[in-house]
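Student: Input file: start.txt. Contents: compact mmCIF, C-alpha atoms.
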```
# COMPACT_ATOMS: atom_id res chain seq x y z
CA MET T 1 30.13 16.38 10.40
CA ASN T 2 30.40 19.88 8.96
CA VAL T 3 32.06 22.36 11.29
CA ILE T 4 32.36 26.14 11.03
CA VAL T 5 35.36 27.26 13.05
CA ASP T 6 34.47 30.00 15.50
CA TYR T 7 37.66 31.87 16.34
CA GLY T 8 36.04 35.11 17.37
CA VAL T 9 36.18 37.13 14.18
CA GLY T 10 33.21 37.92 12.02
CA ASN T 11 29.56 37.05 12.07
CA LEU T 12 28.74 33.39 11.57
CA LEU T 13 24.97 33.68 11.38
CA SER T 14 24.65 34.22 7.63
CA LEU T 15 27.01 31.36 6.88
CA THR T 16 25.12 29.06 9.24
CA ASN T 17 21.81 30.18 7.67
CA ALA T 18 23.11 29.45 4.17
CA VAL T 19 24.34 25.96 5.08
CA LYS T 20 21.04 25.12 6.76
CA TYR T 21 19.06 26.61 3.88
CA LEU T 22 20.86 24.15 1.60
CA GLY T 23 19.68 21.34 3.85
CA PHE T 24 22.92 20.47 5.61
CA GLU T 25 23.67 20.09 9.28
CA VAL T 26 26.44 22.24 10.67
CA THR T 27 28.11 22.86 14.02
CA VAL T 28 29.76 26.14 14.97
CA SER T 29 32.60 25.46 17.36
CA ARG T 30 36.10 26.09 18.63
CA GLU T 31 36.28 22.89 20.69
CA PRO T 32 39.30 20.70 19.78
CA GLU T 33 37.32 17.43 19.86
CA ILE T 34 34.64 18.82 17.55
CA ILE T 35 37.13 20.31 15.10
CA SER T 36 39.35 17.24 14.95
CA GLY T 37 36.24 15.13 14.42
CA ALA T 38 34.96 17.29 11.56
CA SER T 39 34.65 15.71 8.14
CA ARG T 40 34.50 19.15 6.48
CA LEU T 41 35.82 22.36 7.97
CA ILE T 42 34.86 25.93 7.08
CA LEU T 43 37.18 28.74 8.15
CA PRO T 44 35.26 32.05 7.90
CA GLY T 45 36.30 35.52 9.03
CA VAL T 46 36.40 39.24 8.42
CA GLY T 47 38.83 41.77 9.76
CA ALA T 48 42.54 42.06 10.37
CA PHE T 49 45.00 39.28 9.43
CA GLN T 50 47.04 39.58 12.61
CA THR T 51 43.97 39.42 14.84
CA GLY T 52 42.81 36.37 12.93
CA MET T 53 46.13 34.54 13.36
CA GLN T 54 46.31 35.49 17.03
CA ASN T 55 42.79 34.24 17.67
CA ILE T 56 43.53 30.95 15.94
CA ALA T 57 46.64 30.47 18.05
CA LYS T 58 44.96 31.64 21.24
CA ASN T 59 42.23 29.03 20.80
CA GLY T 60 44.72 26.25 20.08
CA LEU T 61 43.36 25.81 16.56
CA THR T 62 46.55 26.05 14.49
CA ASN T 63 47.54 22.38 14.63
CA LEU T 64 43.97 21.21 14.35
CA ILE T 65 43.55 23.04 11.04
CA LEU T 66 46.93 21.84 9.73
CA SER T 67 46.11 18.28 10.75
CA HIS T 68 42.75 18.48 8.96
CA VAL T 69 44.60 19.55 5.81
CA GLN T 70 47.24 16.83 6.20
CA LYS T 71 44.48 14.23 6.30
CA ALA T 72 43.21 15.68 3.01
CA LYS T 73 39.82 16.44 4.50
CA PRO T 74 37.78 19.15 2.73
CA LEU T 75 38.53 22.68 3.93
CA LEU T 76 36.81 25.90 2.81
CA GLY T 77 38.44 29.23 3.67
CA ILE T 78 36.26 32.35 3.25
CA CYS T 79 37.54 35.93 3.02
CA LEU T 80 39.88 36.40 6.01
CA GLY T 81 39.70 32.64 6.59
CA PHE T 82 41.04 32.17 3.04
CA GLN T 83 43.76 34.78 3.54
CA LEU T 84 44.94 33.07 6.75
CA LEU T 85 45.58 29.88 4.77
CA THR T 86 48.25 31.67 2.72
CA LYS T 87 51.89 32.11 3.62
CA SER T 88 51.84 35.72 4.75
CA SER T 89 50.23 39.15 4.71
CA ASP T 90 51.64 42.68 4.72
CA GLU T 91 48.70 44.11 6.69
CA PHE T 92 50.03 46.39 9.44
CA GLY T 93 53.45 44.77 9.24
CA TYR T 94 54.57 41.35 8.06
CA HIS T 95 52.62 38.39 9.44
CA GLN T 96 52.85 34.68 8.81
CA GLY T 97 49.78 32.76 7.82
CA LEU T 98 49.09 29.05 8.12
CA GLY T 99 51.06 28.41 4.93
CA VAL T 100 48.64 25.84 3.57
CA LEU T 101 48.31 27.68 0.26
CA ARG T 102 51.29 28.82 -1.77
CA ALA T 103 50.11 32.40 -2.02
CA GLU T 104 50.47 35.66 -0.16
CA CYS T 105 48.30 38.66 0.82
CA ARG T 106 49.15 42.16 -0.24
CA ARG T 107 47.34 45.41 0.33
CA LEU T 108 45.27 46.46 -2.69
CA SER T 109 46.71 49.60 -4.22
CA PRO T 110 45.29 50.14 -7.67
CA ILE T 111 46.86 52.89 -9.72
CA GLU T 112 43.67 54.79 -10.29
CA LYS T 113 41.51 56.08 -7.45
CA VAL T 114 38.90 53.38 -7.03
CA PRO T 115 37.21 53.36 -3.64
CA LEU T 116 38.69 51.07 -0.97
CA PRO T 117 37.86 48.65 0.54
CA HIS T 118 36.76 46.68 -2.51
CA MET T 119 33.14 46.39 -1.54
CA GLY T 120 30.50 45.09 -3.90
CA TRP T 121 29.81 42.54 -6.61
CA ASN T 122 32.52 41.47 -9.01
CA THR T 123 32.97 38.67 -11.54
CA ALA T 124 35.45 35.83 -11.14
CA TYR T 125 37.17 34.35 -14.20
CA SER T 126 39.82 31.77 -15.06
CA VAL T 127 42.73 32.63 -17.33
CA LYS T 128 43.34 29.16 -18.67
CA SER T 129 40.89 26.37 -19.18
CA THR T 130 40.20 24.35 -16.10
CA SER T 131 37.73 21.63 -15.35
CA GLY T 132 36.68 20.95 -11.80
CA ILE T 133 34.64 23.76 -10.38
CA ASP T 134 35.04 26.02 -13.39
CA GLY T 135 31.32 25.97 -14.10
CA LEU T 136 30.58 27.20 -10.61
CA ILE T 137 32.97 30.15 -10.62
CA ASN T 138 34.03 31.25 -14.11
CA GLY T 139 31.92 34.20 -15.23
CA LYS T 140 29.89 34.29 -12.05
CA ALA T 141 29.46 37.37 -9.85
CA PHE T 142 30.15 37.23 -6.13
CA TYR T 143 30.16 39.71 -3.25
CA PHE T 144 33.55 40.96 -2.12
CA VAL T 145 34.57 43.12 0.82
CA HIS T 146 38.28 43.37 1.52
CA SER T 147 41.26 45.66 1.34
CA HIS T 148 43.97 43.03 0.82
CA GLY T 149 44.26 40.71 -2.14
CA VAL T 150 45.81 37.26 -2.52
CA LYS T 151 48.46 36.62 -5.18
CA ALA T 152 49.49 33.07 -6.06
CA LEU T 153 53.19 32.25 -5.68
CA GLU T 154 53.12 29.33 -8.06
CA GLU T 155 50.99 27.50 -10.59
CA GLY T 156 49.20 24.28 -9.74
CA GLY T 157 45.59 23.84 -8.74
CA GLU T 158 42.74 25.89 -10.16
CA HIS T 159 43.06 29.65 -9.95
CA TYR T 160 40.22 32.09 -10.49
CA TYR T 161 40.77 35.84 -10.60
CA THR T 162 38.94 39.11 -10.17
CA SER T 163 39.97 42.57 -11.33
CA TYR T 164 39.31 45.79 -9.46
CA GLY T 165 40.71 48.91 -11.03
CA SER T 166 44.16 47.94 -12.29
CA GLU T 167 44.54 45.23 -9.65
CA LYS T 168 44.11 41.57 -10.41
CA PHE T 169 43.99 39.13 -7.50
CA ILE T 170 42.74 35.69 -6.61
CA ALA T 171 38.98 35.28 -6.30
CA ALA T 172 39.21 31.55 -5.64
CA ILE T 173 41.79 28.76 -5.44
CA LYS T 174 41.18 25.03 -5.44
CA THR T 175 44.09 22.79 -4.53
CA GLY T 176 43.34 19.19 -3.65
CA ASN T 177 40.59 19.34 -1.06
CA ILE T 178 41.24 22.95 -0.12
CA LEU T 179 38.93 25.61 -1.52
CA GLY T 180 39.79 29.20 -0.72
CA VAL T 181 37.52 32.08 -1.75
CA GLN T 182 38.08 35.80 -1.28
CA PHE T 183 34.37 36.57 -1.69
CA HIS T 184 31.51 35.69 0.65
CA PRO T 185 29.54 32.77 -0.79
CA GLU T 186 26.91 33.26 1.93
CA LYS T 187 26.34 36.78 0.59
CA SER T 188 26.50 36.03 -3.11
CA GLY T 189 22.96 34.92 -3.84
CA ASN T 190 22.52 31.75 -5.88
CA ALA T 191 26.08 31.65 -7.24
CA GLY T 192 27.38 31.56 -3.68
CA LEU T 193 24.84 28.97 -2.55
CA ASP T 194 25.77 26.72 -5.51
CA LEU T 195 29.43 26.85 -4.51
CA LEU T 196 28.64 26.14 -0.86
CA ASN T 197 26.46 23.25 -1.99
CA TYR T 198 29.36 21.84 -4.02
CA PHE T 199 31.68 22.04 -1.01
CA LEU T 200 29.17 20.45 1.35
CA ARG T 201 28.74 17.52 -1.04
CA SER T 202 32.49 17.05 -1.57
CA GLU T 203 33.71 13.56 -0.84
CA ILE T 204 35.40 12.65 2.39
CA LEU T 205 38.26 10.22 2.07
CA MET W 1 21.06 34.19 -12.38
CA ARG W 2 22.40 37.40 -10.91
CA ARG W 3 23.39 39.90 -13.52
CA PHE W 4 26.89 41.18 -12.87
CA PHE W 5 26.85 44.89 -12.33
CA ASP W 6 29.48 47.13 -10.84
CA PHE W 7 26.99 49.72 -9.56
CA ARG W 8 25.02 48.57 -6.55
CA ILE W 9 21.23 48.82 -6.50
CA ILE W 10 20.14 48.72 -2.86
CA PRO W 11 16.45 48.77 -1.88
CA ARG W 12 15.94 50.91 1.17
CA LEU W 13 13.20 49.68 3.53
CA ASP W 14 12.05 52.10 6.22
CA VAL W 15 10.21 49.92 8.70
CA LYS W 16 7.78 51.12 11.36
CA ASN W 17 5.63 48.78 13.44
CA GLY W 18 6.58 45.89 11.21
CA ARG W 19 5.44 47.58 8.00
CA VAL W 20 7.51 49.22 5.31
CA ILE W 21 6.67 52.90 5.08
CA LYS W 22 7.73 55.67 2.82
CA GLY W 23 8.27 59.26 3.79
CA ILE W 24 7.94 62.36 1.71
CA HIS W 25 10.66 64.86 2.57
CA LEU W 26 11.31 62.63 5.60
CA GLU W 27 8.05 63.76 7.20
CA GLY W 28 4.69 62.33 6.19
CA LEU W 29 4.51 58.53 6.11
CA ARG W 30 2.70 56.08 3.85
CA GLN W 31 2.43 52.31 4.42
CA VAL W 32 3.92 50.26 1.62
CA GLY W 33 3.91 46.63 2.64
CA ASP W 34 5.26 43.58 4.41
CA PRO W 35 9.07 43.67 4.77
CA ARG W 36 9.46 39.95 4.19
CA ARG W 37 7.51 39.98 0.95
CA LEU W 38 9.37 43.01 -0.32
CA VAL W 39 12.79 41.61 0.56
CA GLU W 40 12.01 38.34 -1.19
CA SER W 41 10.77 40.11 -4.29
CA TYR W 42 13.77 42.48 -4.45
CA TYR W 43 16.22 39.62 -3.80
CA ASN W 44 14.72 37.57 -6.61
CA ASP W 45 14.88 40.58 -8.90
CA GLY W 46 18.64 41.03 -8.37
CA ALA W 47 19.02 43.46 -5.45
CA ASP W 48 22.72 43.77 -4.55
CA GLU W 49 22.12 44.50 -0.85
CA ILE W 50 19.24 45.46 1.41
CA LEU W 51 19.16 48.53 3.65
CA PHE W 52 16.80 48.50 6.65
CA MET W 53 16.19 51.80 8.39
CA ASP W 54 14.21 52.46 11.52
CA PRO W 55 13.02 56.03 10.95
CA VAL W 56 11.58 56.56 14.42
CA ALA W 57 14.31 54.84 16.43
CA SER W 58 15.81 58.09 17.65
CA LEU W 59 12.43 59.08 19.08
CA TYR W 60 12.14 55.84 21.05
CA GLY W 61 15.85 55.60 21.76
CA ARG W 62 16.36 52.15 20.25
CA ASN W 63 16.31 50.11 17.09
CA HIS W 64 13.37 47.77 16.58
CA LEU W 65 14.38 46.03 13.38
CA PHE W 66 16.41 43.08 14.59
CA LYS W 67 13.54 40.66 14.01
CA GLU W 68 12.95 41.88 10.43
CA VAL W 69 16.64 41.60 9.62
CA ALA W 70 16.89 38.13 11.16
CA GLN W 71 13.95 36.92 9.04
CA ALA W 72 15.37 38.46 5.88
CA ALA W 73 18.78 36.90 6.56
CA GLU W 74 17.24 33.43 6.53
CA MET W 75 16.24 33.64 2.87
CA ALA W 76 18.08 36.51 1.20
CA PHE W 77 21.78 35.74 0.86
CA ILE W 78 23.04 39.23 0.12
CA PRO W 79 24.52 41.85 2.44
CA MET W 80 22.16 43.58 4.87
CA THR W 81 22.67 46.94 6.52
CA ILE W 82 20.63 48.15 9.46
CA GLY W 83 20.36 51.72 10.74
CA GLY W 84 18.39 53.93 13.09
CA GLY W 85 18.84 54.41 16.81
CA LEU W 86 22.03 52.37 17.22
CA ARG W 87 23.71 53.93 20.23
CA SER W 88 26.24 51.54 21.72
CA ILE W 89 28.63 48.71 20.98
CA SER W 90 26.07 46.32 22.42
CA ASP W 91 23.42 47.68 19.99
CA VAL W 92 25.86 47.09 17.13
CA ARG W 93 26.65 43.59 18.37
CA GLN W 94 22.95 42.81 18.58
CA ALA W 95 22.44 44.12 15.04
CA LEU W 96 25.27 41.98 13.68
CA ASP W 97 24.09 38.96 15.65
CA SER W 98 20.62 39.36 14.08
CA GLY W 99 22.10 38.94 10.63
CA ALA W 100 23.18 42.44 9.60
CA ASP W 101 26.55 42.72 7.89
CA LYS W 102 26.81 46.46 8.32
CA VAL W 103 25.40 49.10 10.65
CA ALA W 104 24.51 52.65 9.60
CA ILE W 105 25.13 55.22 12.32
CA ASN W 106 24.24 58.92 12.35
CA THR W 107 22.75 60.60 15.41
CA GLU W 108 24.95 58.92 17.99
CA LEU W 109 28.08 59.82 16.03
CA HIS W 110 27.35 63.52 16.34
CA LYS W 111 27.00 63.14 20.09
CA ARG W 112 30.03 60.89 20.35
CA PRO W 113 32.28 60.99 17.24
CA THR W 114 34.65 58.36 18.64
CA PHE W 115 31.82 55.82 18.45
CA VAL W 116 32.80 55.09 14.84
CA GLN W 117 36.32 54.29 15.98
CA GLU W 118 35.01 51.93 18.66
CA ILE W 119 32.88 50.07 16.10
CA ALA W 120 35.76 49.84 13.62
CA LEU W 121 38.09 48.45 16.28
CA ALA W 122 35.58 45.98 17.66
CA PHE W 123 34.05 44.72 14.41
CA GLY W 124 36.07 46.15 11.54
CA SER W 125 35.63 49.17 9.28
CA GLN W 126 33.84 47.08 6.68
CA CYS W 127 30.76 46.85 8.90
CA CYS W 128 30.70 50.52 9.80
CA VAL W 129 28.64 52.79 7.55
CA CYS W 130 28.41 56.45 8.44
CA SER W 131 24.98 57.72 7.43
CA ILE W 132 24.96 61.41 6.56
CA GLU W 133 21.87 63.58 6.03
CA ALA W 134 22.89 66.58 3.98
CA LYS W 135 20.98 69.82 3.60
CA LYS W 136 22.28 72.44 1.19
CA ILE W 137 22.99 75.74 2.87
CA ASP W 138 25.10 77.52 0.25
CA LYS W 139 26.47 77.22 -3.27
CA ASN W 140 28.91 74.40 -2.49
CA ARG W 141 28.20 73.75 1.17
CA TRP W 142 25.96 71.31 2.96
CA GLU W 143 25.16 70.96 6.64
CA ALA W 144 24.87 67.58 8.37
CA TYR W 145 21.54 66.82 10.06
CA THR W 146 20.18 64.13 12.36
CA ASP W 147 16.74 62.77 13.26
CA ASN W 148 15.58 62.38 9.68
CA GLY W 149 16.43 65.89 8.65
CA ARG W 150 14.97 67.60 11.70
CA GLU W 151 18.01 68.52 13.79
CA PRO W 152 20.87 70.62 12.39
CA THR W 153 24.30 69.76 13.79
CA GLY W 154 26.15 72.90 12.75
CA ARG W 155 28.77 70.68 11.05
CA SER W 156 29.76 70.96 7.41
CA VAL W 157 29.27 67.73 5.50
CA GLU W 158 32.72 68.06 3.91
CA GLU W 159 34.48 68.27 7.28
CA TRP W 160 32.30 65.59 8.79
CA ILE W 161 33.11 63.13 5.99
CA LYS W 162 36.84 63.61 6.47
CA ARG W 163 36.51 63.21 10.20
CA VAL W 164 34.44 60.00 10.27
CA VAL W 165 36.42 58.30 7.50
CA GLY W 166 39.60 59.23 9.34
CA MET W 167 38.23 57.44 12.37
CA GLY W 168 37.38 54.25 10.54
CA ALA W 169 34.06 54.48 8.71
CA GLY W 170 34.28 51.92 5.90
CA GLU W 171 31.47 53.29 3.76
CA LEU W 172 29.28 56.38 3.57
CA LEU W 173 25.54 56.50 2.99
CA ILE W 174 24.75 60.07 2.00
CA THR W 175 21.14 61.23 1.79
CA SER W 176 20.11 64.57 0.38
CA ILE W 177 17.41 65.99 2.62
CA ASP W 178 16.34 68.44 -0.07
CA HIS W 179 15.86 65.74 -2.70
CA GLU W 180 14.58 62.86 -0.56
CA GLY W 181 11.06 61.74 -1.51
CA THR W 182 10.71 64.38 -4.23
CA LYS W 183 11.59 62.21 -7.25
CA LYS W 184 13.36 65.19 -8.84
CA GLY W 185 16.73 63.43 -9.10
CA PHE W 186 19.88 63.10 -6.99
CA ASP W 187 21.87 66.04 -5.68
CA LEU W 188 24.83 65.36 -7.96
CA GLN W 189 26.94 68.25 -6.65
CA LEU W 190 26.76 66.78 -3.16
CA TYR W 191 28.24 63.49 -4.37
CA GLU W 192 30.98 65.25 -6.29
CA LEU W 193 32.00 67.00 -3.09
CA ALA W 194 31.77 63.75 -1.14
CA ARG W 195 33.94 61.89 -3.69
CA GLU W 196 36.63 64.53 -3.40
CA SER W 197 36.58 64.31 0.38
CA CYS W 198 37.34 60.61 0.91
CA THR W 199 38.37 57.29 -0.68
CA VAL W 200 35.78 54.91 0.78
CA PRO W 201 32.74 53.69 -1.17
CA ILE W 202 29.76 56.07 -1.19
CA ILE W 203 26.12 55.10 -1.56
CA ALA W 204 23.73 57.83 -2.68
CA SER W 205 20.21 58.16 -1.36
CA GLY W 206 17.39 60.62 -1.95
CA GLY W 207 15.63 61.86 -5.06
CA ALA W 208 15.49 59.02 -7.57
CA GLY W 209 12.32 59.36 -9.63
CA SER W 210 13.18 58.01 -13.05
CA MET W 211 15.58 55.77 -14.96
CA GLU W 212 17.33 58.86 -16.25
CA HIS W 213 18.22 59.95 -12.69
CA LEU W 214 19.88 56.59 -12.13
CA ARG W 215 21.70 56.81 -15.44
CA GLN W 216 22.97 60.27 -14.55
CA ILE W 217 24.37 59.35 -11.18
CA ARG W 218 25.98 56.22 -12.54
CA ARG W 219 27.58 58.16 -15.37
CA GLN W 220 28.85 60.77 -12.93
CA GLY W 221 31.09 58.08 -11.45
CA CYS W 222 31.33 59.42 -7.90
CA VAL W 223 29.25 56.83 -6.04
CA SER W 224 29.40 53.03 -5.89
CA GLY W 225 25.62 52.58 -5.81
CA VAL W 226 22.26 53.92 -4.77
CA ALA W 227 19.81 53.22 -1.97
CA ILE W 228 16.37 53.67 -3.49
CA ALA W 229 12.92 53.50 -1.94
CA SER W 230 9.78 55.03 -3.51
CA ILE W 231 10.81 54.26 -7.05
CA LEU W 232 10.86 50.54 -6.15
CA HIS W 233 8.14 50.34 -3.52
CA TYR W 234 5.59 52.00 -5.76
CA ASN W 235 6.56 49.68 -8.62
CA LEU W 236 7.67 52.51 -10.85
CA LEU W 237 10.78 50.61 -11.83
CA SER W 238 12.10 47.12 -11.18
CA ILE W 239 15.67 46.27 -10.22
CA GLY W 240 15.97 43.95 -13.19
CA ARG W 241 15.00 46.69 -15.63
CA ILE W 242 17.26 49.23 -13.94
CA LYS W 243 20.26 46.95 -14.35
CA GLU W 244 19.41 46.32 -17.99
CA GLU W 245 18.99 49.97 -18.83
CA ILE W 246 21.82 51.71 -17.02
CA SER W 247 24.73 49.31 -17.53
```
Could you write out this structure as structure tokens?

Tutor:
Amino acid sequence: MNVIVDYGVGNLLSLTNAVKYLGFEVTVSREPEIISGASRLILPGVGAFQTGMQNIAKNGLTNLILSHVQKAKPLLGICLGFQLLTKSSDEFGYHQGLGVLRAECRRLSPIEKVPLPHMGWNTAYSVKSTSGIDGLINGKAFYFVHSHGVKALEEGGEHYYTSYGSEKFIAAIKTGNILGVQFHPEKSGNAGLDLLNYFLRSEIL
Amino acid sequence: MRRFFDFRIIPRLDVKNGRVIKGIHLEGLRQVGDPRRLVESYYNDGADEILFMDPVASLYGRNHLFKEVAQAAEMAFIPMTIGGGLRSISDVRQALDSGADKVAINTELHKRPTFVQEIALAFGSQCCVCSIEAKKIDKNRWEAYTDNGREPTGRSVEEWIKRVVGMGAGELLITSIDHEGTKKGFDLQLYELARESCTVPIIASGGAGSMEHLRQIRRQGCVSGVAIASILHYNLLSIGRIKEEIS
């Protein structure tokens, strides 16, 4: 069962539409039984890091998400959902994330005056050759809207980057069965749909 | 395959009674076509986002486009913005629940400037677009208008930009009333002033009549994209060709 976690941040309609358009069933929920029973979990979200973490905690979802990861079940984090999987963010103070990804969020502050938030289409690329989902991400354009960027704290896994002004940050990370993307696959036309399709077909152990 | 392009091309659909219309100088209206067909065609041709405006919403006191946006959101997986007659947090929630990613607000903000702050707090700045209608009143001054260029507000566009961005507007959609529907080109000076007044992304609207106009505004480097209507609806240019020619 595919489950989109509803923790009260962001609009889930487009994501639900995209999953259904691809021909998959999906449940939107915050119920513990549904989430723990999920074979694949999608953590969406837009907005502030602290609000996101508070809402996850408030709804008793923290351990459910960590347990899903511990069981190596497929997890997709999108935009804020991706950022919450990292260790921390400096948005409006220092906040701890779920710590599932060895990376951290930092406010974007490019040297030159590019408009912020980073809003629009941008291309993701890999810096060293990778296999895996390279064909789905490398050189493809996706839709971004965010003001904080994720920086990896260590190597390991597949890392894809995007540049905006002088800033380079993570566009996507794949580590084991975790896929984290800064962009919105449900808003990125065919490239986004292809990536969602890949995730929704990923094997369940 | 979507062509990567760092300058957004956004078709603007003004919808009345379920049909896309086009205004000349924001007054006279012509029917252009079925919103669904147009959205599908623009999406397939590489549109970066879609902008839906309800041009008569202020007259009727509400926005009628939720159904059109919901239908578009089922098959076009790109960002959608909806504007016209959005007056309250519950209007904004309804817009977002229909499938819009962003809301464009103008008239209500002039009555209640803190509305932008309320939207930003409730849903995030990224979904809050302040729509500004600018009419030139002096050499380097523009006045903000509402109701499709009919009602002056007495506010300078420069001051208004600073104020709304300060309160949380995540993006600005700036339309030149003087250039809108004329196909004589964008009001480039207006966008230079706007760029100097804030750091958020700006989308230009009003005046595009030829490829050269689009090249000019892109080259100028002040705006992140354009919302264009007649030039697309009347098949003068296609999005695919625009992206090829002005990159």

Student: Identify the residues within 12 Å of coordinate (12.2, 35.5, -4.2) (same frame as the file), considering only C-alpha atoms, and give the answer as a list in words.

Tutor: Gly189 and Asn190 of chain T; Arg36, Arg37, Leu38, Val39, Glu40, Ser41, Tyr42, Tyr43, Asn44, Asp45, Gly46, Ala47, Ala72, Met75, Ala76 and Phe77 of chain W

Student: What's around segment 229-240 of chain W at 6 Å? Count all atoms listed in the file, leave out sequence neighbours fewer than 2 positions away in its own chain, and write the answer as a PyMOL selection string.

Tutor: chain W and resi 11-12+45+209+242-243

Student: Residues near segment 65-74 of chain T, anyone? I mean within 9 Å using all atoms listed in the file, not counting same-chain ones fewer than 6 positions away, as a PyMOL selection string.

Tutor: chain T and resi 35-36+38-42+98+100+176-179+199-200+202-205

Student: Hey, can you spit out that residue selection with C-alpha atoms as a short mmCIF file (atom, residue, chain, number, x, y, z; two decimals), in the frame of the given file?

Tutor:
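Output file selection.cif follows:
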```
data_model
loop_
_atom_site.label_atom_id
_atom_site.label_comp_id
_atom_site.auth_asym_id
_atom_site.auth_seq_id
_atom_site.Cartn_x
_atom_site.Cartn_y
_atom_site.Cartn_z
CA ILE T 35 37.13 20.31 15.10
CA SER T 36 39.35 17.24 14.95
CA ALA T 38 34.96 17.29 11.56
CA SER T 39 34.65 15.71 8.14
CA ARG T 40 34.50 19.15 6.48
CA LEU T 41 35.82 22.36 7.97
CA ILE T 42 34.86 25.93 7.08
CA LEU T 98 49.09 29.05 8.12
CA VAL T 100 48.64 25.84 3.57
CA GLY T 176 43.34 19.19 -3.65
CA ASN T 177 40.59 19.34 -1.06
CA ILE T 178 41.24 22.95 -0.12
CA LEU T 179 38.93 25.61 -1.52
CA PHE T 199 31.68 22.04 -1.01
CA LEU T 200 29.17 20.45 1.35
CA SER T 202 32.49 17.05 -1.57
CA GLU T 203 33.71 13.56 -0.84
CA ILE T 204 35.40 12.65 2.39
CA LEU T 205 38.26 10.22 2.07
#
```

Student: Could you tell me how far atom CA of Gln189 of chain W lies from atom CA of Glu244 of chain W, in Å and to one decimal?

Tutor: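 For atom CA of Gln189 of chain W relative to atom CA of Glu244 of chain W, the distance reads 25.8 Å.
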
Student: Can you check which parts of chain T lie within 8 Å of chain W? Per residue, the shortest pair of atoms and distance in Å to one decimal, counting all atoms listed in the file, sorted by chain and number, as a tab-separated table.

Tutor:
```
residue	atom	partner	partner_atom	distance
T:Val9	CA	W:Phe123	CA	7.9
T:Gly10	CA	W:Phe123	CA	7.3
T:Asn11	CA	W:Leu96	CA	6.7
T:Leu13	CA	W:Gly99	CA	6.0
T:Ser14	CA	W:Gly99	CA	6.1
T:Asn17	CA	W:Glu74	CA	5.7
T:Ala18	CA	W:Phe77	CA	7.2
T:Tyr21	CA	W:Glu74	CA	7.5
T:Val46	CA	W:Gly124	CA	7.6
T:Gly47	CA	W:Gly124	CA	5.5
T:Ala48	CA	W:Gly124	CA	7.7
T:Lys113	CA	W:Thr199	CA	7.6
T:Val114	CA	W:Thr199	CA	7.5
T:Pro115	CA	W:Val200	CA	4.9
T:Leu116	CA	W:Val200	CA	5.1
T:Pro117	CA	W:Val200	CA	6.6
T:Met119	CA	W:Pro201	CA	7.3
T:Gly120	CA	W:Arg8	CA	7.0
T:Trp121	CA	W:Asp6	CA	6.3
T:Asn122	CA	W:Asp6	CA	6.7
T:Thr123	CA	W:Phe4	CA	6.7
T:Lys140	CA	W:Phe4	CA	7.6
T:Ala141	CA	W:Phe4	CA	5.5
T:Tyr143	CA	W:Ile78	CA	7.9
T:Val145	CA	W:Gln126	CA	7.1
T:His146	CA	W:Gln126	CA	7.8
T:Glu186	CA	W:Phe77	CA	5.8
T:Lys187	CA	W:Ile78	CA	4.1
T:Ser188	CA	W:Ile78	CA	5.7
T:Gly189	CA	W:Phe77	CA	4.9
T:Asn190	CA	W:Met1	CA	7.1
T:Ala191	CA	W:Met1	CA	7.6
```

Student: Extract, using only C-alpha atoms, all DNA, RNA and protein residues at most 12 Å from Gln54 of chain T, discarding same-chain residues fewer than 6 positions from it, and format them as a VMD selection string.

Tutor: chain T and resid 7 to 9 48 60 to 62 84 95 to 98

Student: Just the number, please: distance in Å from atom CA of Ala57 of chain T to atom CA of Ser90 of chain W, one decimal.

Tutor: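 Between these atoms lies a distance of 26.3 Å.
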
Student: Figure out the distance between atom CA of Leu15 of chain T and atom CA of Leu64 of chain T, please, to one decimal in Å.

Tutor: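 Separation between atom CA of Leu64 of chain T and atom CA of Leu15 of chain T: 21.1 Å.
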